[in-house]
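Student: Enclosed is the structure file upload28.csv (CSV, C-alpha atoms).
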```
chain,number,residue,atom,x,y,z
P,1,MET,CA,-15.0,14.0,-29.9
P,2,ALA,CA,-18.5,12.5,-29.6
P,3,SER,CA,-21.1,14.7,-27.9
P,4,ASP,CA,-21.5,12.4,-24.9
P,5,PHE,CA,-18.0,13.2,-23.7
P,6,LYS,CA,-17.1,16.1,-21.4
P,7,SER,CA,-14.2,17.1,-19.3
P,8,PHE,CA,-13.9,18.0,-15.6
P,9,PRO,CA,-12.8,21.6,-15.4
P,10,VAL,CA,-9.2,21.8,-14.3
P,11,ILE,CA,-8.1,24.3,-11.7
P,12,GLY,CA,-7.0,27.3,-13.7
P,13,ASN,CA,-4.8,29.0,-11.1
P,14,SER,CA,-1.8,26.8,-10.5
P,15,THR,CA,-0.5,29.0,-7.7
P,16,SER,CA,-3.8,28.6,-5.9
P,17,LEU,CA,-3.5,24.8,-6.1
P,18,SER,CA,-0.2,25.1,-4.2
P,19,HIS,CA,-2.2,25.9,-1.1
P,20,PHE,CA,-2.9,22.2,-0.9
P,21,HIS,CA,0.8,21.5,-0.5
P,22,SER,CA,1.5,24.0,2.2
P,23,CYS,CA,-1.3,24.2,4.6
P,24,ASP,CA,-4.5,22.5,5.9
P,25,ARG,CA,-6.8,25.3,5.1
P,26,VAL,CA,-7.9,25.8,1.6
P,27,ILE,CA,-8.8,29.4,0.7
P,28,ALA,CA,-11.8,29.4,-1.6
P,29,ARG,CA,-11.0,32.8,-3.0
P,30,GLY,CA,-8.6,32.5,-5.9
P,31,LEU,CA,-9.5,28.9,-6.9
P,32,ARG,CA,-11.2,29.0,-10.3
P,33,THR,CA,-12.6,25.5,-10.7
P,34,GLY,CA,-15.9,26.2,-12.5
P,35,GLY,CA,-17.5,24.6,-9.5
P,36,LEU,CA,-17.7,24.9,-5.7
P,37,VAL,CA,-15.0,25.0,-3.1
P,38,ILE,CA,-16.0,24.1,0.5
P,39,SER,CA,-13.4,24.6,3.2
P,40,ALA,CA,-12.9,24.5,6.9
P,41,GLY,CA,-9.8,24.1,9.0
P,42,GLY,CA,-8.2,20.9,7.9
P,43,TRP,CA,-10.6,19.6,5.3
P,44,SER,CA,-11.7,20.5,1.8
P,45,LEU,CA,-13.7,19.4,-1.2
P,46,VAL,CA,-13.3,20.8,-4.6
P,47,HIS,CA,-16.2,19.9,-7.0
P,48,LEU,CA,-14.7,19.4,-10.5
P,49,GLY,CA,-17.8,18.9,-12.5
P,50,GLU,CA,-18.8,15.5,-11.0
P,51,ALA,CA,-15.5,14.6,-9.4
P,52,SER,CA,-14.3,15.6,-5.9
P,53,LEU,CA,-10.9,16.6,-4.7
P,54,ILE,CA,-10.7,15.5,-1.1
P,55,TYR,CA,-7.9,16.6,1.3
P,56,VAL,CA,-7.3,13.6,3.5
P,57,ARG,CA,-4.6,14.8,5.9
P,58,PRO,CA,-7.0,15.1,8.9
P,59,LEU,CA,-7.5,11.3,8.5
P,60,SER,CA,-3.8,10.5,8.5
P,61,ARG,CA,-3.2,12.7,11.5
P,62,LYS,CA,-5.9,10.9,13.6
P,63,CYS,CA,-5.7,7.4,12.1
P,64,ASN,CA,-4.2,5.9,15.3
P,65,ASP,CA,-6.3,7.9,17.7
P,66,PRO,CA,-9.0,5.6,19.2
P,67,LYS,CA,-11.2,8.7,19.4
P,68,MET,CA,-10.6,9.8,15.7
P,69,ALA,CA,-14.4,9.6,15.0
P,70,GLU,CA,-15.0,12.5,17.5
P,71,ASP,CA,-12.6,14.9,15.6
P,72,SER,CA,-14.4,17.6,13.6
P,73,GLY,CA,-11.9,17.5,10.8
P,74,VAL,CA,-12.2,13.7,10.5
P,75,PHE,CA,-16.0,14.0,10.6
P,76,GLU,CA,-16.0,16.4,7.6
P,77,VAL,CA,-13.7,14.2,5.5
P,78,VAL,CA,-15.8,11.2,6.3
P,79,ASN,CA,-18.9,13.0,5.0
P,80,LEU,CA,-17.1,14.0,1.8
P,81,LEU,CA,-15.9,10.4,1.2
P,82,ASP,CA,-19.4,9.2,1.7
P,83,GLN,CA,-20.8,11.7,-0.7
P,84,ALA,CA,-18.1,10.9,-3.4
P,85,CYS,CA,-18.6,7.1,-3.0
P,86,LYS,CA,-22.4,7.4,-3.4
P,87,GLU,CA,-22.5,10.0,-6.2
P,88,SER,CA,-19.7,9.0,-8.5
P,89,GLY,CA,-17.6,6.1,-7.0
P,90,PHE,CA,-14.3,8.0,-7.6
P,91,PHE,CA,-12.5,11.1,-6.4
P,92,TYR,CA,-9.1,12.8,-6.3
P,93,VAL,CA,-7.0,12.5,-3.1
P,94,LYS,CA,-4.8,15.4,-2.0
P,95,GLY,CA,-2.8,15.9,1.2
P,96,HIS,CA,-1.9,12.2,1.1
P,97,GLY,CA,1.7,12.5,2.5
P,98,VAL,CA,3.4,10.4,-0.2
P,99,PRO,CA,6.6,12.2,-1.1
P,100,ASP,CA,6.6,13.9,-4.5
P,101,HIS,CA,10.0,12.4,-5.4
P,102,ILE,CA,8.6,8.9,-5.0
P,103,VAL,CA,5.4,9.6,-6.9
P,104,GLN,CA,7.3,11.1,-9.8
P,105,GLY,CA,10.2,8.7,-9.4
P,106,VAL,CA,8.2,5.6,-10.1
P,107,ARG,CA,6.7,7.2,-13.2
P,108,ASP,CA,10.1,8.2,-14.5
P,109,LEU,CA,11.4,4.7,-14.0
P,110,SER,CA,8.4,3.3,-15.8
P,111,HIS,CA,9.1,5.5,-18.8
P,112,GLU,CA,12.7,4.3,-18.7
P,113,PHE,CA,11.7,0.6,-18.6
P,114,PHE,CA,9.2,0.8,-21.4
P,115,GLY,CA,11.8,2.6,-23.5
P,116,LEU,CA,14.2,-0.4,-23.3
P,117,PRO,CA,14.7,-2.7,-26.3
P,118,TYR,CA,12.0,-5.3,-26.6
P,119,GLU,CA,14.4,-8.1,-25.9
P,120,GLU,CA,15.4,-6.5,-22.6
P,121,LYS,CA,11.8,-6.2,-21.5
P,122,LEU,CA,11.1,-9.8,-22.3
P,123,LYS,CA,13.6,-10.9,-19.6
P,124,ILE,CA,10.8,-10.5,-17.1
P,125,LYS,CA,8.1,-11.8,-19.3
P,126,MET,CA,4.8,-12.9,-17.5
P,127,SER,CA,4.1,-16.6,-17.4
P,128,ALA,CA,1.9,-19.0,-15.4
P,129,SER,CA,5.0,-20.2,-13.5
P,130,SER,CA,5.6,-16.6,-12.2
P,131,GLY,CA,2.0,-16.5,-10.8
P,132,TYR,CA,1.0,-14.1,-13.6
P,133,ARG,CA,3.6,-11.5,-12.6
P,134,GLY,CA,5.9,-9.7,-14.9
P,135,TYR,CA,5.9,-8.0,-18.3
P,136,GLN,CA,3.0,-8.1,-20.7
P,137,VAL,CA,3.5,-7.1,-24.3
P,138,MET,CA,1.1,-4.8,-26.2
P,139,GLY,CA,-2.3,-6.3,-26.6
P,140,GLU,CA,-1.9,-9.3,-24.3
P,141,ASN,CA,-4.1,-7.9,-21.5
P,142,ILE,CA,-7.8,-8.7,-22.2
P,143,THR,CA,-10.8,-6.7,-21.1
P,144,GLN,CA,-14.3,-7.7,-22.0
P,145,GLY,CA,-12.8,-10.2,-24.5
P,146,LYS,CA,-10.8,-7.5,-26.4
P,147,PRO,CA,-7.1,-6.8,-26.3
P,148,ASP,CA,-6.0,-3.7,-24.6
P,149,MET,CA,-3.5,-1.4,-26.4
P,150,HIS,CA,-0.9,-1.1,-23.7
P,151,GLU,CA,2.1,-2.9,-22.3
P,152,ALA,CA,2.5,-3.5,-18.6
P,153,ILE,CA,4.3,-5.0,-15.6
P,154,ASP,CA,2.0,-6.8,-13.2
P,155,ALA,CA,2.9,-7.2,-9.5
P,156,TYR,CA,1.0,-8.8,-6.6
P,157,LYS,CA,1.5,-9.6,-3.0
P,158,GLU,CA,4.1,-12.3,-3.0
P,159,VAL,CA,2.7,-15.7,-2.0
P,160,GLU,CA,4.7,-18.6,-0.6
P,161,PRO,CA,3.7,-22.2,-1.8
P,162,GLY,CA,0.8,-23.6,0.2
P,163,ARG,CA,0.0,-20.4,2.2
P,164,TYR,CA,-3.6,-20.2,1.1
P,165,GLY,CA,-4.2,-23.7,0.0
P,166,ASP,CA,-5.1,-25.0,-3.5
P,167,ARG,CA,-7.2,-21.9,-4.5
P,168,ALA,CA,-4.1,-19.7,-4.4
P,169,ALA,CA,-1.7,-22.1,-6.2
P,170,PRO,CA,-2.0,-20.3,-9.6
P,171,LEU,CA,-1.0,-17.0,-7.9
P,172,GLU,CA,2.0,-18.3,-6.0
P,173,GLY,CA,5.3,-16.7,-6.8
P,174,SER,CA,7.5,-13.6,-6.5
P,175,ASN,CA,7.5,-10.4,-8.4
P,176,LEU,CA,9.7,-9.9,-11.4
P,177,TRP,CA,11.7,-6.6,-11.5
P,178,PRO,CA,14.1,-5.5,-14.3
P,179,ASN,CA,17.7,-6.1,-13.4
P,180,HIS,CA,18.8,-3.5,-16.0
P,181,LEU,CA,17.4,-0.8,-13.7
P,182,PRO,CA,18.9,-1.5,-10.2
P,183,SER,CA,16.8,1.2,-8.4
P,184,PHE,CA,13.5,-0.1,-9.9
P,185,LYS,CA,12.8,-2.8,-7.3
P,186,VAL,CA,13.8,-0.7,-4.3
P,187,LEU,CA,11.8,2.4,-5.2
P,188,PHE,CA,8.7,0.5,-6.2
P,189,GLU,CA,8.7,-1.5,-3.0
P,190,GLU,CA,8.9,1.7,-1.0
P,191,TYR,CA,6.1,3.1,-3.2
P,192,ILE,CA,3.9,0.0,-2.5
P,193,ASP,CA,4.4,0.5,1.3
P,194,HIS,CA,3.2,4.1,0.9
P,195,MET,CA,0.2,3.0,-1.1
P,196,LYS,CA,-0.8,0.4,1.5
P,197,ASP,CA,-0.6,3.0,4.2
P,198,LEU,CA,-2.6,5.5,2.3
P,199,SER,CA,-5.3,3.0,1.4
P,200,ARG,CA,-5.7,2.0,5.0
P,201,ILE,CA,-6.1,5.7,6.0
P,202,ILE,CA,-8.8,6.2,3.3
P,203,LEU,CA,-10.6,3.0,4.3
P,204,LYS,CA,-10.8,4.2,7.9
P,205,GLY,CA,-12.7,7.1,6.7
P,206,ILE,CA,-15.0,5.0,4.5
P,207,ALA,CA,-15.5,2.6,7.4
P,208,LEU,CA,-16.8,5.5,9.5
P,209,ALA,CA,-19.0,6.6,6.7
P,210,LEU,CA,-20.6,3.2,6.6
P,211,GLY,CA,-21.5,3.4,10.3
P,212,GLY,CA,-18.7,1.1,11.5
P,213,SER,CA,-15.6,1.6,13.6
P,214,PRO,CA,-12.5,3.0,11.9
P,215,ASN,CA,-11.0,-0.5,12.0
P,216,THR,CA,-13.8,-2.2,10.2
P,217,PHE,CA,-11.5,-3.2,7.3
P,218,GLU,CA,-8.6,-4.3,9.5
P,219,GLY,CA,-8.2,-7.9,10.8
P,220,GLU,CA,-9.9,-10.6,8.9
P,221,ARG,CA,-11.4,-8.4,6.2
P,222,ALA,CA,-8.4,-6.5,4.8
P,223,GLY,CA,-5.7,-6.5,7.6
P,224,ASP,CA,-3.5,-8.6,5.3
P,225,PRO,CA,-4.5,-7.3,1.9
P,226,PHE,CA,-3.8,-9.2,-1.3
P,227,TRP,CA,-2.7,-6.1,-3.1
P,228,GLY,CA,-1.9,-5.7,-6.8
P,229,MET,CA,-0.2,-3.1,-8.9
P,230,ARG,CA,0.0,-2.6,-12.7
P,231,ILE,CA,2.7,-0.4,-14.2
P,232,ILE,CA,1.1,0.5,-17.6
P,233,GLY,CA,2.5,2.1,-20.7
P,234,TYR,CA,0.1,3.5,-23.3
P,235,PRO,CA,1.6,4.1,-26.7
P,236,GLU,CA,1.4,7.5,-28.3
P,237,CYS,CA,-1.4,8.0,-30.8
P,238,THR,CA,-0.3,8.6,-34.4
P,239,ASP,CA,-2.6,9.3,-37.4
P,240,ILE,CA,-1.9,5.8,-38.8
P,241,ARG,CA,-2.5,4.1,-35.5
P,242,ARG,CA,-5.8,6.1,-35.0
P,243,ILE,CA,-7.0,4.7,-38.3
P,244,GLU,CA,-5.9,1.1,-37.6
P,245,MET,CA,-7.1,0.9,-34.0
P,246,GLN,CA,-10.6,-0.3,-33.3
P,247,ASP,CA,-13.0,1.3,-30.8
P,248,ASP,CA,-11.4,4.7,-31.1
P,249,GLY,CA,-8.1,3.5,-29.7
P,250,ILE,CA,-9.0,1.9,-26.4
P,251,GLY,CA,-5.9,1.6,-24.3
P,252,CYS,CA,-7.9,-0.3,-21.6
P,253,GLY,CA,-11.5,-1.3,-22.1
P,254,ALA,CA,-14.4,-0.3,-19.9
P,255,HIS,CA,-14.4,-2.2,-16.5
P,256,THR,CA,-14.9,-1.9,-12.8
P,257,ASP,CA,-12.1,-3.0,-10.4
P,258,TYR,CA,-12.9,-6.2,-8.7
P,259,GLY,CA,-11.2,-5.4,-5.3
P,260,LEU,CA,-11.7,-2.9,-2.6
P,261,LEU,CA,-10.0,0.4,-3.4
P,262,THR,CA,-7.8,1.6,-6.3
P,263,LEU,CA,-5.2,4.5,-6.3
P,264,VAL,CA,-4.0,5.7,-9.7
P,265,ASN,CA,-0.7,7.6,-10.2
P,266,GLN,CA,-0.8,9.0,-13.7
P,267,ASP,CA,1.3,11.4,-15.8
P,268,ASP,CA,0.4,14.9,-15.0
P,269,ASP,CA,0.0,16.3,-18.5
P,270,ILE,CA,-2.0,13.7,-20.5
P,271,ALA,CA,-5.7,13.2,-20.1
P,272,ALA,CA,-6.7,9.6,-21.0
P,273,LEU,CA,-8.7,8.2,-18.1
P,274,GLN,CA,-12.4,8.3,-18.6
P,275,VAL,CA,-15.2,7.5,-16.1
P,276,ARG,CA,-18.8,6.9,-16.9
P,277,ASN,CA,-21.2,8.9,-14.8
P,278,ARG,CA,-24.6,7.9,-13.5
P,279,SER,CA,-26.2,9.4,-16.7
P,280,GLY,CA,-24.1,7.1,-18.9
P,281,GLN,CA,-21.8,9.9,-20.2
P,282,TRP,CA,-18.0,9.2,-20.5
P,283,ILE,CA,-16.1,12.0,-18.7
P,284,TRP,CA,-12.4,12.8,-18.9
P,285,ALA,CA,-10.7,12.5,-15.4
P,286,ALA,CA,-8.0,15.1,-16.2
P,287,PRO,CA,-4.8,14.7,-14.1
P,288,ILE,CA,-4.3,17.1,-11.2
P,289,PRO,CA,-0.7,17.3,-10.1
P,290,GLY,CA,0.0,16.1,-6.6
P,291,THR,CA,-3.1,13.9,-6.4
P,292,PHE,CA,-4.1,10.3,-6.8
P,293,VAL,CA,-7.3,9.3,-8.6
P,294,CYS,CA,-9.2,6.9,-6.2
P,295,ASN,CA,-12.0,4.6,-7.2
P,296,ILE,CA,-13.9,2.0,-5.3
P,297,GLY,CA,-14.2,-1.7,-6.4
P,298,ASP,CA,-16.7,-4.5,-6.5
P,299,MET,CA,-15.9,-5.8,-3.0
P,300,LEU,CA,-16.8,-2.5,-1.4
P,301,LYS,CA,-20.2,-2.7,-3.2
P,302,VAL,CA,-20.8,-6.0,-1.5
P,303,TRP,CA,-19.6,-4.8,1.9
P,304,SER,CA,-21.7,-1.7,1.7
P,305,ASN,CA,-24.7,-3.7,0.5
P,306,GLY,CA,-25.0,-1.6,-2.6
P,307,LEU,CA,-24.7,1.8,-0.9
P,308,TYR,CA,-21.5,2.4,-2.9
P,309,GLU,CA,-21.4,1.5,-6.6
P,310,PRO,CA,-18.1,1.1,-8.4
P,311,THR,CA,-17.8,3.2,-11.6
P,312,LEU,CA,-17.0,1.9,-15.1
P,313,HIS,CA,-13.8,3.5,-16.4
P,314,ARG,CA,-11.6,3.1,-19.4
P,315,VAL,CA,-8.5,4.6,-21.0
P,316,ILE,CA,-8.2,6.3,-24.4
P,317,ASN,CA,-4.8,7.8,-25.1
P,318,ASN,CA,-5.3,10.2,-28.0
P,319,SER,CA,-2.1,12.0,-27.1
P,320,PRO,CA,0.9,12.1,-29.4
P,321,ARG,CA,3.0,11.2,-26.3
P,322,TYR,CA,3.6,7.9,-24.4
P,323,ARG,CA,1.6,7.8,-21.2
P,324,ILE,CA,2.3,6.1,-17.9
P,325,SER,CA,-0.4,5.1,-15.4
P,326,ILE,CA,0.3,3.1,-12.2
P,327,PRO,CA,-2.9,1.8,-10.5
P,328,PHE,CA,-2.4,0.2,-7.1
P,329,PHE,CA,-5.2,-2.1,-6.0
P,330,PHE,CA,-5.8,-2.5,-2.2
P,331,GLU,CA,-7.7,-5.7,-1.9
P,332,PRO,CA,-9.3,-7.8,0.9
P,333,ASN,CA,-7.4,-10.6,2.5
P,334,PHE,CA,-7.1,-13.5,0.1
P,335,ASP,CA,-9.2,-15.7,2.4
P,336,ALA,CA,-11.7,-12.9,3.5
P,337,VAL,CA,-15.4,-13.8,3.3
P,338,VAL,CA,-16.9,-10.7,1.8
P,339,GLU,CA,-20.6,-10.1,2.7
P,340,PRO,CA,-22.7,-7.0,3.6
P,341,LEU,CA,-21.8,-5.3,6.9
P,342,ASP,CA,-24.5,-5.3,9.5
P,343,SER,CA,-24.4,-1.5,9.6
P,344,CYS,CA,-25.0,-1.3,5.9
P,345,LYS,CA,-27.8,-3.8,6.0
P,346,GLU,CA,-29.5,-1.6,8.6
P,347,MET,CA,-29.2,1.4,6.3
P,348,THR,CA,-30.6,-0.5,3.3
P,349,GLY,CA,-33.8,-2.2,4.5
P,350,GLY,CA,-32.4,-4.9,6.9
P,351,THR,CA,-31.6,-7.7,4.4
P,352,ALA,CA,-28.4,-8.6,2.5
P,353,LYS,CA,-28.5,-7.9,-1.2
P,354,PHE,CA,-25.5,-10.0,-2.0
P,355,GLU,CA,-24.4,-13.6,-1.2
P,356,PRO,CA,-21.1,-14.0,0.6
P,357,VAL,CA,-18.0,-14.5,-1.6
P,358,VAL,CA,-14.5,-15.6,-0.7
P,359,TYR,CA,-12.3,-12.9,-2.2
P,360,GLY,CA,-9.5,-15.4,-3.2
P,361,ASP,CA,-12.0,-17.4,-5.2
P,362,HIS,CA,-13.3,-14.3,-6.9
P,363,LEU,CA,-9.7,-13.0,-7.7
P,364,ALA,CA,-8.4,-16.4,-8.9
P,365,GLY,CA,-11.4,-16.7,-11.3
P,366,LYS,CA,-10.8,-13.3,-12.7
P,367,VAL,CA,-7.1,-13.7,-13.2
P,368,LEU,CA,-7.3,-17.2,-14.7
P,369,ASN,CA,-10.0,-16.0,-17.1
P,370,ASN,CA,-7.9,-13.0,-18.2
P,371,PHE,CA,-4.6,-14.9,-18.5
P,372,ALA,CA,-5.8,-18.3,-19.8
P,373,LYS,CA,-3.4,-18.1,-22.8
P,374,TYR,CA,-0.5,-18.3,-20.4
P,375,ASP,CA,-1.4,-21.8,-19.1
```
Mind converting the file's structure to structure tokens?

Tutor:
Amino acid sequence: MASDFKSFPVIGNSTSLSHFHSCDRVIARGLRTGGLVISAGGWSLVHLGEASLIYVRPLSRKCNDPKMAEDSGVFEVVNLLDQACKESGFFYVKGHGVPDHIVQGVRDLSHEFFGLPYEEKLKIKMSASSGYRGYQVMGENITQGKPDMHEAIDAYKEVEPGRYGDRAAPLEGSNLWPNHLPSFKVLFEEYIDHMKDLSRIILKGIALALGGSPNTFEGERAGDPFWGMRIIGYPECTDIRRIEMQDDGIGCGAHTDYGLLTLVNQDDDIAALQVRNRSGQWIWAAPIPGTFVCNIGDMLKVWSNGLYEPTLHRVINNSPRYRISIPFFFEPNFDAVVEPLDSCKEMTGGTAKFEPVVYGDHLAGKVLNNFAKYD
């Protein structure tokens, strides 16, 4: 591996990590991270090199409390979110409340789907008529003009004809789920509900960090999010494929996410996700069981007036095993006008650094550019 790559230290004592499952207080003694553990009743941050593991249960417990900003546990989590968003643009989320059997179950079903015969997978093939939902074969997804070496199922918020006018017409349609796996649709729709709830909880903390109310991203901004989800399968790396592949076997090229917040559910035992730090180094974001990797998107950069910067990331699966990753994208409302928040302008010199953008126009342009071949 090239010298500009490094890895986040992984917690070496798995029994110590189980403290996150069972209680609110993380005991610093016994956690061997190669970094620093900060803990107080109900909140925690584990520095893993340049990543942060943030325990968010205090946010979920107070998310419907109109006085949540006055809670000491919430206050600490907010500070940690602010630090992570400013310093690296991504972090690990623990204490999220999504049942383990659902998190693991959607990965298991994904492995099962991608193991089906090719002809079976093509029954839900993506097309323009499906609103760019459905199955993509290997190499069809394009990043920075190059094909990505993965296959995937793409799903979005379902859009009825005419709901958002002409700009949304290319994205109108319903999601395509495999009939061959009857539990697939049911479990994934339950999973999506959990992802939307968790995203809202995290965004309440981010809203407080940006000097607003916890409901800053509700209502006309992201109260009716145009969410997206990709179920991605990265092929195992063989010696032959390593030679044939360009760019060191890029499963997904370097990019930032063009929405608001992304939560990634990935196989626990395969390191493939890489994040570029502020020094330009590519860093392995090793999986930590029981967590989601969270990164911020381009629209949060605009709303924060540049206080928060999304991080370039990519995927290289050098493992001899097939890998599943399921990123969930919590986006603004389709018709939201995204422009710097007043509180963020005050913190950055008083003037807006970005022009307003209608999220739906931004999204449609990205999707149509990526999937032009389907028209």

Student: From the set P:Tyr234, P:Trp303, P:Phe217, P:Tyr156, which residue has the shortest atom-to-atom contact distance to P:Leu273, counting all atoms listed in the file?

Tutor: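 Of the candidates, the smallest distance to P:Leu273 is held by P:Tyr234.
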
Student: Find the residue from P:Leu260, P:Cys344, P:Ile202, P:Val103 that sits nearest to P:Val78; use only C-alpha atoms when measuring.

Tutor: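 Using only C-alpha atoms, the shortest distance to P:Val78 belongs to P:Ile202.
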
Student: So that I can see what lies close to P:His362, please list as a ChimeraX atom specification the residues with an atom at most 10 Å from it, counting only C-alpha atoms and leaving out residues fewer than 6 positions away in the same chain.

Tutor: /P:258-259,299,334

Student: My list of candidates is P:Ser60, P:Asp154, P:Glu190, P:Gly211. Which is closest to P:Glu346 when distances are computed with all atoms listed in the file?

Tutor: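 For P:Glu346, the nearest of the given residues is P:Gly211.
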
Student: Smallest atom-to-atom distance to P:Leu208: which of P:Lys366, P:Arg57, P:Lys157, P:Lys67, using only C-alpha atoms?

Tutor: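 Smallest distance to P:Leu208 is found for P:Lys67.
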
Student: Could you check which of P:Val275, P:Leu312, P:Ala168, P:Ala209 is closest to P:Ala364, using all atoms listed in the file?

Tutor: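 Of the candidates, the smallest distance to P:Ala364 is held by P:Ala168.
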
Student: Atom CA of P:Val106 and atom CA of P:Ile54, how far apart in Å?

Tutor: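 Separating atom CA of P:Ile54 from atom CA of P:Val106 is a distance of 23.2 Å.
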
Student: Record the distance separating atom CA of P:Leu368 and atom CA of P:Gly89, expressed in Å with one decimal.

Tutor: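 Atom-to-atom, atom CA of P:Leu368 to atom CA of P:Gly89, that is 26.6 Å.
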
Student: For the atom pair atom CA of P:Gln281 and atom CA of P:Gly297, what is the interatomic distance in Å to one decimal place?

Tutor: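 Between these atoms lies a distance of 19.6 Å.
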
Student: Taking all atoms listed in the file into account, name the residue in P:Asn179, P:Ser319, P:Gln83, P:Ser72 that is nearest to P:Ile124.

Tutor: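 Going through P:Asn179, P:Ser319, P:Gln83, P:Ser72 one by one, the smallest distance to P:Ile124 is for P:Asn179.
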
Student: (11.8, 5.1, -7.0) in this file's frame - what residues fall within 6 Å of it? Use only C-alpha atoms and give the answer as a compact mmCIF listing (two decimals) with C-alpha atoms, keeping the file's coordinate frame.

Tutor:
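So result.txt came out as:
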```txt
# COMPACT_ATOMS: atom_id res chain seq x y z
CA ILE P 102 8.60 8.90 -5.00
CA GLY P 105 10.20 8.70 -9.40
CA VAL P 106 8.20 5.60 -10.10
CA LEU P 187 11.80 2.40 -5.20
CA PHE P 188 8.70 0.50 -6.20
```

Student: Could you check which residues have any atom within 9 Å of (-16.0, 8.7, -17.2), counting only C-alpha atoms with coordinates taken straight from the file, and then list them as JSON, numbers by chain?

Tutor: {"P": [5, 6, 7, 273, 274, 275, 276, 277, 280, 281, 282, 283, 284, 285, 311, 312, 313, 314]}

Student: Please return stretch 292-297 of chain P, rebuilt to all heavy atoms, as a tab-separated table (two decimals), keeping the file's coordinate frame.

Tutor:
```tsv
chain	number	residue	atom	x	y	z
P	292	PHE	N	-3.80	11.61	-6.31
P	292	PHE	CA	-4.10	10.30	-6.80
P	292	PHE	C	-5.60	10.28	-7.20
P	292	PHE	O	-6.42	10.87	-6.49
P	292	PHE	CB	-3.86	9.19	-5.81
P	292	PHE	CG	-2.42	9.00	-5.45
P	292	PHE	CD1	-1.92	9.53	-4.27
P	292	PHE	CD2	-1.56	8.29	-6.27
P	292	PHE	CE1	-0.59	9.37	-3.91
P	292	PHE	CE2	-0.23	8.11	-5.93
P	292	PHE	CZ	0.26	8.65	-4.75
P	293	VAL	N	-5.93	9.61	-8.29
P	293	VAL	CA	-7.30	9.30	-8.60
P	293	VAL	C	-7.67	8.04	-7.78
P	293	VAL	O	-6.93	7.05	-7.83
P	293	VAL	CB	-7.59	9.09	-10.06
P	293	VAL	CG1	-9.02	8.61	-10.28
P	293	VAL	CG2	-7.34	10.36	-10.83
P	294	CYS	N	-8.76	8.06	-7.05
P	294	CYS	CA	-9.20	6.90	-6.20
P	294	CYS	C	-10.56	6.47	-6.70
P	294	CYS	O	-11.46	7.29	-6.88
P	294	CYS	CB	-9.23	7.31	-4.76
P	294	CYS	SG	-9.65	5.94	-3.65
P	295	ASN	N	-10.70	5.17	-6.93
P	295	ASN	CA	-12.00	4.60	-7.20
P	295	ASN	C	-12.28	3.37	-6.41
P	295	ASN	O	-11.35	2.67	-5.99
P	295	ASN	CB	-12.21	4.36	-8.72
P	295	ASN	CG	-11.26	3.33	-9.28
P	295	ASN	OD1	-10.15	3.66	-9.69
P	295	ASN	ND2	-11.67	2.07	-9.29
P	296	ILE	N	-13.54	3.10	-6.16
P	296	ILE	CA	-13.90	2.00	-5.30
P	296	ILE	C	-14.17	0.75	-6.22
P	296	ILE	O	-14.46	0.87	-7.41
P	296	ILE	CB	-15.14	2.28	-4.46
P	296	ILE	CG1	-16.35	2.62	-5.33
P	296	ILE	CG2	-14.81	3.43	-3.51
P	296	ILE	CD1	-17.61	2.87	-4.52
P	297	GLY	N	-14.06	-0.44	-5.62
P	297	GLY	CA	-14.20	-1.70	-6.40
P	297	GLY	C	-15.39	-2.50	-6.00
P	297	GLY	O	-16.19	-2.14	-5.13
```
